[in-house]
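Raw structure-v7.txt, compact mmCIF, C-alpha atoms and all ligand atoms:
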```txt
# COMPACT_ATOMS: atom_id res chain seq x y z
CA MET A 1 75.13 53.28 177.37
CA PHE A 2 74.66 49.74 176.04
CA VAL A 3 75.18 48.25 172.60
CA ILE A 4 73.41 45.16 171.30
CA MET A 5 75.22 43.54 168.38
CA GLU A 6 73.40 41.85 165.51
CA GLU A 7 72.82 38.13 165.68
CA GLY A 8 75.96 36.52 164.28
CA ALA A 9 78.02 39.76 164.29
CA ALA A 10 81.62 39.02 163.32
CA GLU A 11 84.32 39.15 166.00
CA ALA A 12 86.08 41.89 164.00
CA GLN A 13 82.89 44.00 164.07
CA ILE A 14 82.51 43.54 167.82
CA GLU A 15 86.13 44.51 168.35
CA ALA A 16 85.79 47.58 166.13
CA VAL A 17 82.86 48.78 168.26
CA ILE A 18 84.74 48.09 171.50
CA GLY A 19 87.74 49.99 170.11
CA ARG A 20 85.58 52.99 169.20
CA LEU A 21 83.99 53.04 172.66
CA ILE A 22 87.33 52.78 174.46
CA THR A 23 88.68 55.65 172.36
CA ALA A 24 85.66 57.70 173.47
CA GLY A 25 86.61 57.06 177.12
CA PHE A 26 84.23 54.26 178.06
CA ASN A 27 84.92 51.12 180.09
CA VAL A 28 83.33 48.32 178.10
CA HIS A 29 81.88 45.17 179.66
CA ARG A 30 81.23 42.44 177.14
CA SER A 31 78.63 39.72 177.67
CA THR A 32 78.07 37.00 175.15
CA GLY A 33 74.54 35.67 175.13
CA ALA A 34 73.17 32.68 173.21
CA VAL A 35 72.12 34.99 170.35
CA HIS A 36 73.50 38.51 170.86
CA THR A 37 76.66 40.05 172.21
CA VAL A 38 75.84 42.94 174.50
CA LEU A 39 78.33 45.66 175.40
CA GLY A 40 77.69 47.57 178.62
CA CYS A 41 79.56 50.87 178.55
CA VAL A 42 80.29 53.14 181.49
CA GLY A 43 82.06 56.42 181.00
CA PRO A 44 82.68 59.63 182.91
CA LYS A 45 80.17 61.32 180.64
CA GLU A 46 77.96 60.00 177.91
CA GLU A 47 78.60 62.49 175.19
CA LEU A 48 78.96 60.03 172.38
CA ASP A 49 75.95 60.08 170.06
CA PRO A 50 74.42 56.56 170.16
CA GLY A 51 73.50 57.07 166.50
CA VAL A 52 77.20 57.04 165.60
CA ILE A 53 77.62 53.58 167.13
CA GLU A 54 74.35 52.34 165.62
CA LEU A 55 75.74 53.07 162.15
CA MET A 56 78.75 50.78 162.69
CA ALA A 57 78.73 47.40 160.97
CA GLY A 58 77.19 44.60 163.02
CA VAL A 59 75.40 46.88 165.52
CA ARG A 60 71.71 46.36 166.09
CA GLU A 61 70.99 48.97 168.74
CA CYS A 62 72.74 51.48 170.96
CA ARG A 63 70.96 53.26 173.82
CA ARG A 64 71.81 55.77 176.50
CA VAL A 65 70.98 54.70 180.04
CA ILE A 66 71.63 58.00 181.80
CA THR A 67 69.06 60.75 181.28
CA PRO A 68 70.40 63.76 179.40
CA TYR A 69 69.01 66.20 181.99
CA LYS A 70 70.90 66.31 185.28
CA LEU A 71 69.49 69.21 187.29
CA ALA A 72 65.86 68.59 186.33
CA GLY A 73 66.05 64.88 187.16
CA ARG A 74 64.46 63.51 190.32
CA ASN A 75 67.87 62.38 191.66
CA PHE A 76 68.96 65.99 191.95
CA ASN A 77 66.40 66.59 194.72
CA PRO A 78 64.65 63.30 195.55
CA GLY A 79 62.31 64.87 198.12
CA GLY A 80 60.81 67.21 195.50
CA THR A 81 61.31 70.93 195.05
CA THR A 82 59.18 73.45 196.88
CA PHE A 83 59.43 77.21 196.87
CA SER A 84 57.32 80.15 197.84
CA VAL A 85 55.66 82.75 195.63
CA ARG A 86 54.48 85.69 197.73
CA GLY A 87 54.06 83.36 200.69
CA VAL A 88 52.29 80.58 198.74
CA GLU A 89 54.17 77.30 198.76
CA ILE A 90 54.46 75.66 195.34
CA GLY A 91 55.14 71.92 195.17
CA GLY A 92 53.97 71.24 198.75
CA SER A 93 50.88 69.47 200.03
CA HIS A 94 48.54 72.29 198.96
CA VAL A 95 47.36 72.18 195.35
CA VAL A 96 47.74 75.78 194.16
CA SER A 97 45.19 77.15 191.71
CA ILE A 98 45.81 80.06 189.38
CA GLY A 99 42.79 81.55 187.60
CA GLY A 100 42.02 84.46 185.36
CA PRO A 101 41.40 85.45 181.79
CA CYS A 102 43.46 84.46 178.79
CA SER A 103 44.20 88.16 178.17
CA VAL A 104 44.02 91.26 180.29
CA GLU A 105 41.41 93.37 178.44
CA SER A 106 40.50 96.27 180.71
CA GLU A 107 40.73 97.45 184.30
CA ALA A 108 37.12 96.47 184.98
CA GLN A 109 37.58 92.99 183.49
CA ILE A 110 40.76 92.07 185.38
CA GLU A 111 39.47 93.60 188.62
CA LEU A 112 36.28 91.53 188.46
CA ALA A 113 38.24 88.42 187.50
CA ALA A 114 40.67 88.91 190.41
CA SER A 115 37.88 89.29 192.94
CA GLN A 116 36.16 86.14 191.65
CA VAL A 117 39.39 84.12 191.57
CA ALA A 118 40.30 85.17 195.12
CA GLN A 119 36.81 84.54 196.45
CA ALA A 120 36.87 81.01 195.01
CA GLY A 121 40.05 80.26 196.98
CA ALA A 122 42.66 80.37 194.22
CA LYS A 123 46.08 81.87 195.01
CA GLY A 124 47.27 83.26 191.71
CA LEU A 125 45.91 85.58 189.03
CA ARG A 126 46.75 84.91 185.40
CA GLY A 127 46.33 87.27 182.47
CA GLY A 128 48.28 87.62 179.25
CA ALA A 129 49.60 91.01 178.18
CA PHE A 130 51.72 89.67 175.33
CA LYS A 131 49.71 87.09 173.43
CA PRO A 132 51.18 84.49 171.08
CA ARG A 133 48.33 84.39 168.54
CA SER A 134 48.31 82.10 165.53
CA SER A 135 47.25 85.04 163.36
CA PRO A 136 49.00 88.41 163.33
CA TYR A 137 45.58 90.04 162.91
CA SER A 138 44.25 88.69 166.22
CA PHE A 139 44.41 90.71 169.46
CA GLN A 140 48.05 90.81 170.55
CA GLY A 141 47.60 91.96 174.17
CA LEU A 142 47.73 95.29 176.02
CA GLY A 143 51.47 95.08 176.70
CA GLU A 144 52.87 96.99 179.67
CA ASP A 145 49.50 98.69 180.33
CA GLY A 146 47.98 95.23 180.75
CA LEU A 147 50.70 94.20 183.20
CA ARG A 148 50.07 97.33 185.27
CA LEU A 149 46.36 96.43 185.48
CA LEU A 150 47.17 92.80 186.33
CA ARG A 151 49.55 93.83 189.12
CA ALA A 152 47.08 96.26 190.66
CA ALA A 153 44.21 93.74 190.57
CA ALA A 154 46.40 90.98 192.03
CA ASP A 155 47.53 93.27 194.86
CA ARG A 156 44.00 94.38 195.68
CA HIS A 157 42.98 90.74 196.16
CA GLY A 158 46.12 89.23 197.71
CA LEU A 159 46.98 87.09 194.68
CA PHE A 160 50.30 86.46 192.99
CA ALA A 161 50.48 87.47 189.33
CA VAL A 162 51.40 85.25 186.38
CA SER A 163 51.87 86.48 182.80
CA GLU A 164 53.51 85.23 179.65
CA VAL A 165 56.89 86.51 178.53
CA MET A 166 57.38 86.11 174.80
CA ASP A 167 60.80 87.60 174.29
CA GLN A 168 63.94 88.09 176.40
CA THR A 169 63.86 91.86 175.85
CA GLN A 170 60.62 91.96 177.92
CA ILE A 171 62.21 90.38 181.03
CA PRO A 172 63.50 93.46 182.93
CA MET A 173 60.28 95.40 182.36
CA MET A 174 58.05 92.44 183.29
CA GLU A 175 60.02 91.76 186.49
CA ARG A 176 58.49 94.96 187.85
CA TYR A 177 54.95 93.60 187.50
CA VAL A 178 54.78 89.81 187.69
CA ASP A 179 55.59 87.21 190.34
CA VAL A 180 55.90 84.28 187.92
CA PHE A 181 56.95 84.32 184.28
CA GLN A 182 54.88 82.06 182.06
CA VAL A 183 56.70 80.55 179.09
CA GLY A 184 54.10 79.55 176.53
CA ALA A 185 53.87 76.29 174.63
CA ARG A 186 55.14 77.97 171.48
CA ASN A 187 58.25 79.19 173.27
CA MET A 188 59.16 76.03 175.17
CA GLN A 189 62.19 75.62 172.94
CA ASN A 190 63.09 79.29 172.59
CA PHE A 191 66.51 78.63 174.06
CA ASN A 192 67.64 82.25 174.09
CA LEU A 193 64.57 83.16 176.14
CA LEU A 194 65.17 80.22 178.50
CA LYS A 195 68.83 81.18 179.00
CA GLU A 196 67.87 84.74 179.96
CA LEU A 197 65.11 83.52 182.31
CA GLY A 198 67.72 81.28 183.93
CA LYS A 199 69.35 84.47 185.19
CA SER A 200 66.12 85.94 186.60
CA ARG A 201 65.23 85.77 190.28
CA LEU A 202 61.56 85.15 189.46
CA PRO A 203 60.00 81.67 189.15
CA VAL A 204 59.13 80.37 185.70
CA LEU A 205 56.05 78.38 184.74
CA LEU A 206 57.21 76.40 181.72
CA LYS A 207 54.48 75.03 179.49
CA ARG A 208 54.92 71.88 177.46
CA GLY A 209 55.14 72.51 173.72
CA ILE A 210 52.29 71.25 171.57
CA ALA A 211 54.49 68.56 170.04
CA ALA A 212 57.08 68.19 172.77
CA THR A 213 58.00 64.96 174.51
CA VAL A 214 58.39 64.88 178.27
CA GLU A 215 62.14 64.57 177.76
CA GLU A 216 62.18 67.74 175.64
CA LEU A 217 60.18 69.56 178.34
CA LEU A 218 62.68 68.47 180.99
CA LEU A 219 65.61 69.52 178.78
CA SER A 220 64.03 72.96 178.41
CA ALA A 221 63.71 73.13 182.21
CA GLU A 222 67.39 72.19 182.33
CA TYR A 223 68.20 75.45 180.51
CA LEU A 224 66.53 77.41 183.32
CA LEU A 225 68.13 75.39 186.11
CA SER A 226 71.60 75.42 184.56
CA GLY A 227 71.34 79.20 184.33
CA GLY A 228 70.81 79.32 188.12
CA ASN A 229 67.02 79.64 188.35
CA TYR A 230 65.79 76.68 190.41
CA ASN A 231 62.25 77.95 190.84
CA VAL A 232 60.65 76.22 187.90
CA ILE A 233 57.08 74.93 187.57
CA LEU A 234 56.33 72.57 184.71
CA CYS A 235 52.91 72.69 183.10
CA GLU A 236 51.05 70.09 181.05
CA ARG A 237 48.69 71.98 178.70
CA GLY A 238 47.69 69.39 176.13
CA ILE A 239 49.51 68.16 173.06
CA ARG A 240 48.53 67.95 169.42
CA THR A 241 47.20 64.60 168.32
CA PHE A 242 44.91 63.35 165.54
CA GLU A 243 41.83 64.03 167.70
CA THR A 244 39.85 67.06 166.56
CA TYR A 245 36.95 67.10 169.02
CA THR A 246 39.15 68.80 171.59
CA ARG A 247 41.55 71.64 170.77
CA ASN A 248 44.44 69.62 172.19
CA THR A 249 44.70 66.26 173.91
CA MET A 250 45.25 66.69 177.64
CA ASP A 251 48.03 64.27 178.54
CA ILE A 252 47.09 63.43 182.12
CA SER A 253 49.62 60.58 182.14
CA ALA A 254 52.41 63.15 181.76
CA ILE A 255 51.72 64.19 185.38
CA PRO A 256 52.75 60.93 187.10
CA VAL A 257 55.46 60.40 184.47
CA ILE A 258 57.01 63.80 185.24
CA LYS A 259 56.58 63.28 189.00
CA LYS A 260 58.72 60.19 188.71
CA LEU A 261 61.36 61.66 186.40
CA SER A 262 61.71 65.12 187.94
CA HIS A 263 61.71 66.88 191.32
CA LEU A 264 60.06 69.98 189.86
CA PRO A 265 56.44 70.89 190.66
CA ILE A 266 54.02 70.09 187.85
CA MET A 267 50.82 72.00 187.18
CA ALA A 268 48.04 71.31 184.70
CA ASP A 269 46.21 73.67 182.35
CA PRO A 270 42.91 71.99 181.46
CA SER A 271 41.76 75.09 179.54
CA HIS A 272 44.29 74.89 176.71
CA GLY A 273 44.38 71.15 177.36
CA THR A 274 40.86 70.74 176.01
CA GLY A 275 39.83 74.07 174.47
CA ARG A 276 36.22 73.55 175.56
CA ARG A 277 34.61 75.00 178.64
CA ASP A 278 32.56 71.86 179.27
CA ASN A 279 35.67 69.69 179.53
CA VAL A 280 37.71 71.89 181.83
CA ILE A 281 36.30 70.82 185.21
CA PRO A 282 36.52 67.05 184.53
CA MET A 283 40.14 67.46 183.40
CA ALA A 284 40.96 69.66 186.41
CA ARG A 285 39.62 66.89 188.66
CA ALA A 286 41.63 64.28 186.77
CA ALA A 287 44.83 66.32 186.96
CA VAL A 288 44.57 66.71 190.73
CA ALA A 289 43.76 63.01 191.12
CA ALA A 290 46.85 62.24 189.03
CA GLY A 291 49.08 64.26 191.35
CA ALA A 292 49.25 67.74 189.87
CA ASP A 293 50.70 70.38 192.22
CA GLY A 294 48.47 73.07 190.83
CA LEU A 295 46.03 74.22 188.17
CA LEU A 296 46.21 77.05 185.67
CA VAL A 297 42.67 77.74 184.51
CA GLU A 298 41.13 80.39 182.29
CA MET A 299 38.15 82.14 183.87
CA HIS A 300 36.48 85.24 182.46
CA PRO A 301 33.70 87.40 183.97
CA ASP A 302 32.00 87.40 180.55
CA PRO A 303 33.62 84.63 178.49
CA ASP A 304 31.28 84.90 175.52
CA ASN A 305 32.67 88.38 174.88
CA ALA A 306 36.32 87.58 175.66
CA VAL A 307 38.90 88.80 173.16
CA SER A 308 40.76 85.48 173.30
CA ASP A 309 39.99 81.90 174.34
CA GLY A 310 36.41 82.62 175.43
CA ALA A 311 35.19 79.14 174.46
CA GLN A 312 37.51 77.50 176.97
CA SER A 313 37.11 80.09 179.73
CA LEU A 314 35.01 79.10 182.71
CA LEU A 315 32.22 81.34 183.97
CA PRO A 316 32.93 82.66 187.48
CA GLY A 317 30.36 80.32 189.03
CA GLN A 318 31.94 77.36 187.27
CA PHE A 319 35.37 78.35 188.58
CA THR A 320 34.02 78.37 192.13
CA ASP A 321 32.42 74.98 191.52
CA MET A 322 35.68 73.62 190.11
CA MET A 323 37.53 74.74 193.25
CA ARG A 324 34.93 73.00 195.44
CA GLN A 325 35.24 69.75 193.50
CA VAL A 326 39.02 69.90 193.38
CA ARG A 327 39.12 70.24 197.17
CA LEU A 328 37.27 66.94 197.47
CA ILE A 329 39.63 65.23 195.04
CA ALA A 330 42.68 66.70 196.77
CA ALA A 331 41.49 65.34 200.12
CA ALA A 332 41.14 61.88 198.56
CA VAL A 333 44.84 61.94 197.61
CA GLY A 334 46.03 63.34 200.92
CA ARG A 335 46.29 66.99 199.95
CA THR A 336 44.46 70.26 200.32
CA ALA A 337 43.32 72.61 197.54
C1 LIG B 401 47.80 80.99 177.57
O1 LIG B 401 48.07 80.52 178.70
O2 LIG B 401 46.94 81.83 177.35
C2 LIG B 401 48.53 80.41 176.41
C3 LIG B 401 48.71 81.09 175.28
O3 LIG B 401 48.94 79.15 176.63
P1 LIG B 401 49.77 78.13 175.72
O4 LIG B 401 51.14 78.72 175.57
O5 LIG B 401 49.76 76.87 176.53
O6 LIG B 401 49.05 77.98 174.42
MN MN B 402 44.71 81.37 176.42
```
Could you take the file, read its structure, and then write that structure out as structure tokens?
Ligand code: PEP
Ligand code: MN
Amino acid sequence: MFVIMEEGAAEAQIEAVIGRLITAGFNVHRSTGAVHTVLGCVGPKEELDPGVIELMAGVRECRRVITPYKLAGRNFNPGGTTFSVRGVEIGGSHVVSIGGPCSVESEAQIELAASQVAQAGAKGLRGGAFKPRSSPYSFQGLGEDGLRLLRAAADRHGLFAVSEVMDQTQIPMMERYVDVFQVGARNMQNFNLLKELGKSRLPVLLKRGIAATVEELLLSAEYLLSGGNYNVILCERGIRTFETYTRNTMDISAIPVIKKLSHLPIMADPSHGTGRRDNVIPMARAAVAAGADGLLVEMHPDPDNAVSDGAQSLLPGQFTDMMRQVRLIAAAVGRTA
């Protein structure tokens, strides 16, 4: 932590701050510049709220230097984390694509989607069975029946299965059907859910909240890691900005930012990231070019009649085309897809 004193801060004010810091367990190194006095503080742990120091008389600014997340930080595993989901390596040189509908709707729909996703070369099948809808009157998902259909379709086509968990009470039941738990944007800071998922043996794909900073995303990942679950995939899925042309604003820059700050694999969801089918492929290309370890993309056999997120769901042919293009981009950045 460091403290910058106001220009012309009184000696008594400086000493009061130093005294407070020493009481909190810090070693304080004082440097007197031409204009400001700067206090460099090193302590065994930085638990003191910088805001408390900033309120003291004569203090201009107080900042933490150490990141508040320890296990999610790059230093914890500088080489980057990789793990396997049903034999598919996540976080390695292969860019892993997961495709499928927003919601599981019927056996025929998920079966067709799975065959198309597998044929296009993707490795994972997505499909929501518990849907976090803005309106309580919208389709809420097929529940356990949907998970059963998702599992069977994934198995028939050699794909791993990903589905959203909305509540901790669903975890034991869902563990019987899915290979990866998806935590949705709306639940990124559902700390009770994160704590319970920290105890699960299954990997978690953690989506960035619609108004969450990268630091908040990494702190949410910290809940999973500190609970003992190290198999975490982060996912950029667009954030809310003032722009209305797209549903969300896809924050491509979050990908290299997270790569630098964290060892965890980072995927991109250009479907929710843009909300428009015509923008999904360009953003998928951009995400892979920016270093994403995988893609989570909505694809529906008949998107115009989808029960949820049809407008952003690719047609099967478009999904295949996206995979072809992404392979070219991946090769350009030294990877496969
Ligand atoms: C989804 O993947 O269908 C979904 C609801 O995503 P998000 O939580 O990112 O909105
Ligand atoms: Mn969706």
Could you pull the residues within 8 Å of A:Val162, counting all atoms listed in the file, minus those fewer than 5 positions along the same chain, as a PyMOL selection string? chain A and resi 124-127+178-182
Using all atoms listed in the file, the residue out of A:Ser200, A:Gln140, A:Ser163, A:Ser313 with shortest distance to A:Gly184 is A:Ser163
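Separating atom CA of A:Gly51 from atom CA of A:Gly73 is a distance of 23.3 Å.
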From the set A:Ala118, A:Ala337, A:Cys102, A:Leu328, which residue has the shortest atom-to-atom contact distance to A:Gly275, counting only C-alpha atoms?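 Answer, going by the shortest atom-to-atom distance: A:Cys102.
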Within 7 Å of ligand MN 402 (chain B), counting all atoms listed in the file, which protein or nucleic acid residues do you find, written as a list of chain:residue names? A:Cys102, A:His272, A:Glu298, A:Ser308, A:Asp309
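Counting all atoms listed in the file and comparing A:Ala108, A:Arg247, A:Val3, A:Ala72, the residue that lies closest to ligand LIG 401 (chain B) is A:Arg247.
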Calculated over only C-alpha atoms and all ligand atoms, which of the candidates A:Pro172, A:Gly238, A:Gly227, A:Gly87 has the smallest distance to ligand LIG 401 (chain B)?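 Using only C-alpha atoms and all ligand atoms, the shortest distance to ligand LIG 401 (chain B) belongs to A:Gly238.
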Mind listing the residues within 7 Å of ligand LIG 401 (chain B), all atoms listed in the file counted, as a ChimeraX atom specification? /A:102-103,128,131-132,183-186,207,237,272
Would you please work out which residue, of A:Lys123, A:Arg74, A:Arg60, A:Lys199, is nearest to A:Glu89 when using only C-alpha atoms? A:Lys123
Given all atoms listed in the file as the counted atoms, nearest of A:Phe26, A:Tyr69, A:Phe83, A:Phe319 to A:Leu295: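 The closest residue to A:Leu295 is A:Phe319.
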Write out as a ChimeraX atom specification each polymer residue whose atoms come within 12 Å of A:Thr67, counting all atoms listed in the file; drop sequence neighbours fewer than 2 positions from it. /A:1,45-47,63-65,69-76,214-216,218-219,222,261-262
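Relative to atom CA of A:Arg86, atom CA of A:Glu175 is found at 13.9 Å.
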Within 8 Å of (40.1, 71.2, 191.5) (coordinates as in the file), grab all the protein and nucleic acid residues, counting all atoms listed in the file, and write them out as a PyMOL selection string. chain A and resi 97+281+284-285+288+295+322-330+337
Please provide as a ChimeraX atom specification all residues within 9 Å of A:Leu149, with the sequence filter that same-chain residues fewer than 6 positions apart are discarded (counting all atoms listed in the file). /A:104,106-107,110-111
Skipping near chain neighbours, those fewer than 6 positions away, what residues fall within 8 Å of A:Ala221 using only C-alpha atoms, listed as JSON, numbers by chain? {"A": [72, 206, 232, 234]}
Name all residues at most 6 Å from A:Glu7 (count all atoms listed in the file; drop same-chain ones fewer than 2 positions away) and give them as a PyMOL selection string. chain A and resi 9+35-36
Separation of atom CA of A:Ser253 and atom CA of A:Ala290, in Å?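 So the two atoms, atom CA of A:Ser253 and atom CA of A:Ala290, lie 7.6 Å apart.
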Just add all heavy atoms to stretch 176-186 of chain A and send it as a PDB file, in the coordinates of the input.
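Contents of part00.pdb, as written:
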```
ATOM      1  N   ARG A 176      59.084  93.944 186.968  1.00  0.00           N
ATOM      2  CA  ARG A 176      58.490  94.960 187.850  1.00  0.00           C
ATOM      3  C   ARG A 176      57.020  94.678 188.134  1.00  0.00           C
ATOM      4  O   ARG A 176      56.443  95.260 189.040  1.00  0.00           O
ATOM      5  CB  ARG A 176      58.622  96.354 187.205  1.00  0.00           C
ATOM      6  CG  ARG A 176      60.071  96.782 186.965  1.00  0.00           C
ATOM      7  CD  ARG A 176      60.189  98.299 186.855  1.00  0.00           C
ATOM      8  NE  ARG A 176      59.501  98.830 185.685  1.00  0.00           N
ATOM      9  CZ  ARG A 176      60.070  98.949 184.485  1.00  0.00           C
ATOM     10  NH1 ARG A 176      61.330  98.591 184.302  1.00  0.00           N
ATOM     11  NH2 ARG A 176      59.396  99.425 183.464  1.00  0.00           N
ATOM     12  N   TYR A 177      56.396  93.814 187.353  1.00  0.00           N
ATOM     13  CA  TYR A 177      54.950  93.600 187.500  1.00  0.00           C
ATOM     14  C   TYR A 177      54.535  92.189 187.903  1.00  0.00           C
ATOM     15  O   TYR A 177      53.504  92.013 188.531  1.00  0.00           O
ATOM     16  CB  TYR A 177      54.235  93.933 186.176  1.00  0.00           C
ATOM     17  CG  TYR A 177      54.443  95.345 185.700  1.00  0.00           C
ATOM     18  CD1 TYR A 177      55.333  95.649 184.683  1.00  0.00           C
ATOM     19  CD2 TYR A 177      53.722  96.390 186.288  1.00  0.00           C
ATOM     20  CE1 TYR A 177      55.511  96.951 184.237  1.00  0.00           C
ATOM     21  CE2 TYR A 177      53.897  97.697 185.857  1.00  0.00           C
ATOM     22  CZ  TYR A 177      54.789  97.977 184.829  1.00  0.00           C
ATOM     23  OH  TYR A 177      54.962  99.268 184.410  1.00  0.00           O
ATOM     24  N   VAL A 178      55.272  91.179 187.473  1.00  0.00           N
ATOM     25  CA  VAL A 178      54.780  89.810 187.690  1.00  0.00           C
ATOM     26  C   VAL A 178      55.551  89.110 188.803  1.00  0.00           C
ATOM     27  O   VAL A 178      56.661  89.515 189.164  1.00  0.00           O
ATOM     28  CB  VAL A 178      54.837  88.961 186.384  1.00  0.00           C
ATOM     29  CG1 VAL A 178      54.069  89.637 185.264  1.00  0.00           C
ATOM     30  CG2 VAL A 178      56.268  88.657 185.964  1.00  0.00           C
ATOM     31  N   ASP A 179      54.929  88.038 189.334  1.00  0.00           N
ATOM     32  CA  ASP A 179      55.590  87.210 190.340  1.00  0.00           C
ATOM     33  C   ASP A 179      56.101  85.913 189.726  1.00  0.00           C
ATOM     34  O   ASP A 179      56.993  85.275 190.277  1.00  0.00           O
ATOM     35  CB  ASP A 179      54.602  86.878 191.471  1.00  0.00           C
ATOM     36  CG  ASP A 179      54.084  88.132 192.143  1.00  0.00           C
ATOM     37  OD1 ASP A 179      54.914  88.931 192.604  1.00  0.00           O
ATOM     38  OD2 ASP A 179      52.852  88.340 192.162  1.00  0.00           O
ATOM     39  N   VAL A 180      55.485  85.506 188.622  1.00  0.00           N
ATOM     40  CA  VAL A 180      55.900  84.280 187.920  1.00  0.00           C
ATOM     41  C   VAL A 180      55.856  84.581 186.420  1.00  0.00           C
ATOM     42  O   VAL A 180      54.861  85.109 185.921  1.00  0.00           O
ATOM     43  CB  VAL A 180      54.934  83.104 188.221  1.00  0.00           C
ATOM     44  CG1 VAL A 180      55.327  81.856 187.430  1.00  0.00           C
ATOM     45  CG2 VAL A 180      54.880  82.785 189.714  1.00  0.00           C
ATOM     46  N   PHE A 181      56.937  84.233 185.742  1.00  0.00           N
ATOM     47  CA  PHE A 181      56.950  84.320 184.280  1.00  0.00           C
ATOM     48  C   PHE A 181      56.319  83.060 183.712  1.00  0.00           C
ATOM     49  O   PHE A 181      56.697  81.947 184.085  1.00  0.00           O
ATOM     50  CB  PHE A 181      58.393  84.366 183.742  1.00  0.00           C
ATOM     51  CG  PHE A 181      59.072  85.692 183.869  1.00  0.00           C
ATOM     52  CD1 PHE A 181      60.210  85.825 184.657  1.00  0.00           C
ATOM     53  CD2 PHE A 181      58.607  86.796 183.171  1.00  0.00           C
ATOM     54  CE1 PHE A 181      60.866  87.043 184.750  1.00  0.00           C
ATOM     55  CE2 PHE A 181      59.258  88.019 183.256  1.00  0.00           C
ATOM     56  CZ  PHE A 181      60.388  88.139 184.049  1.00  0.00           C
ATOM     57  N   GLN A 182      55.390  83.223 182.786  1.00  0.00           N
ATOM     58  CA  GLN A 182      54.880  82.060 182.060  1.00  0.00           C
ATOM     59  C   GLN A 182      55.621  81.975 180.727  1.00  0.00           C
ATOM     60  O   GLN A 182      55.737  82.974 180.014  1.00  0.00           O
ATOM     61  CB  GLN A 182      53.382  82.233 181.822  1.00  0.00           C
ATOM     62  CG  GLN A 182      52.738  81.112 181.026  1.00  0.00           C
ATOM     63  CD  GLN A 182      51.225  81.284 180.925  1.00  0.00           C
ATOM     64  OE1 GLN A 182      50.567  81.680 181.892  1.00  0.00           O
ATOM     65  NE2 GLN A 182      50.672  80.988 179.769  1.00  0.00           N
ATOM     66  N   VAL A 183      56.140  80.786 180.422  1.00  0.00           N
ATOM     67  CA  VAL A 183      56.700  80.550 179.090  1.00  0.00           C
ATOM     68  C   VAL A 183      55.678  79.702 178.354  1.00  0.00           C
ATOM     69  O   VAL A 183      55.317  78.614 178.806  1.00  0.00           O
ATOM     70  CB  VAL A 183      58.070  79.838 179.148  1.00  0.00           C
ATOM     71  CG1 VAL A 183      58.540  79.448 177.748  1.00  0.00           C
ATOM     72  CG2 VAL A 183      59.102  80.737 179.826  1.00  0.00           C
ATOM     73  N   GLY A 184      55.172  80.213 177.248  1.00  0.00           N
ATOM     74  CA  GLY A 184      54.100  79.550 176.530  1.00  0.00           C
ATOM     75  C   GLY A 184      54.577  78.332 175.754  1.00  0.00           C
ATOM     76  O   GLY A 184      55.778  78.150 175.511  1.00  0.00           O
ATOM     77  N   ALA A 185      53.583  77.522 175.362  1.00  0.00           N
ATOM     78  CA  ALA A 185      53.870  76.290 174.630  1.00  0.00           C
ATOM     79  C   ALA A 185      54.724  76.570 173.391  1.00  0.00           C
ATOM     80  O   ALA A 185      55.652  75.825 173.073  1.00  0.00           O
ATOM     81  CB  ALA A 185      52.556  75.641 174.230  1.00  0.00           C
ATOM     82  N   ARG A 186      54.416  77.673 172.720  1.00  0.00           N
ATOM     83  CA  ARG A 186      55.140  77.970 171.480  1.00  0.00           C
ATOM     84  C   ARG A 186      56.579  78.365 171.721  1.00  0.00           C
ATOM     85  O   ARG A 186      57.399  78.366 170.814  1.00  0.00           O
ATOM     86  CB  ARG A 186      54.414  79.077 170.708  1.00  0.00           C
ATOM     87  CG  ARG A 186      53.089  78.605 170.145  1.00  0.00           C
ATOM     88  CD  ARG A 186      52.125  79.759 169.932  1.00  0.00           C
ATOM     89  NE  ARG A 186      50.772  79.259 169.725  1.00  0.00           N
ATOM     90  CZ  ARG A 186      49.959  78.903 170.707  1.00  0.00           C
ATOM     91  NH1 ARG A 186      50.349  78.974 171.973  1.00  0.00           N
ATOM     92  NH2 ARG A 186      48.757  78.438 170.441  1.00  0.00           N
TER      93      ARG A 186
END
```
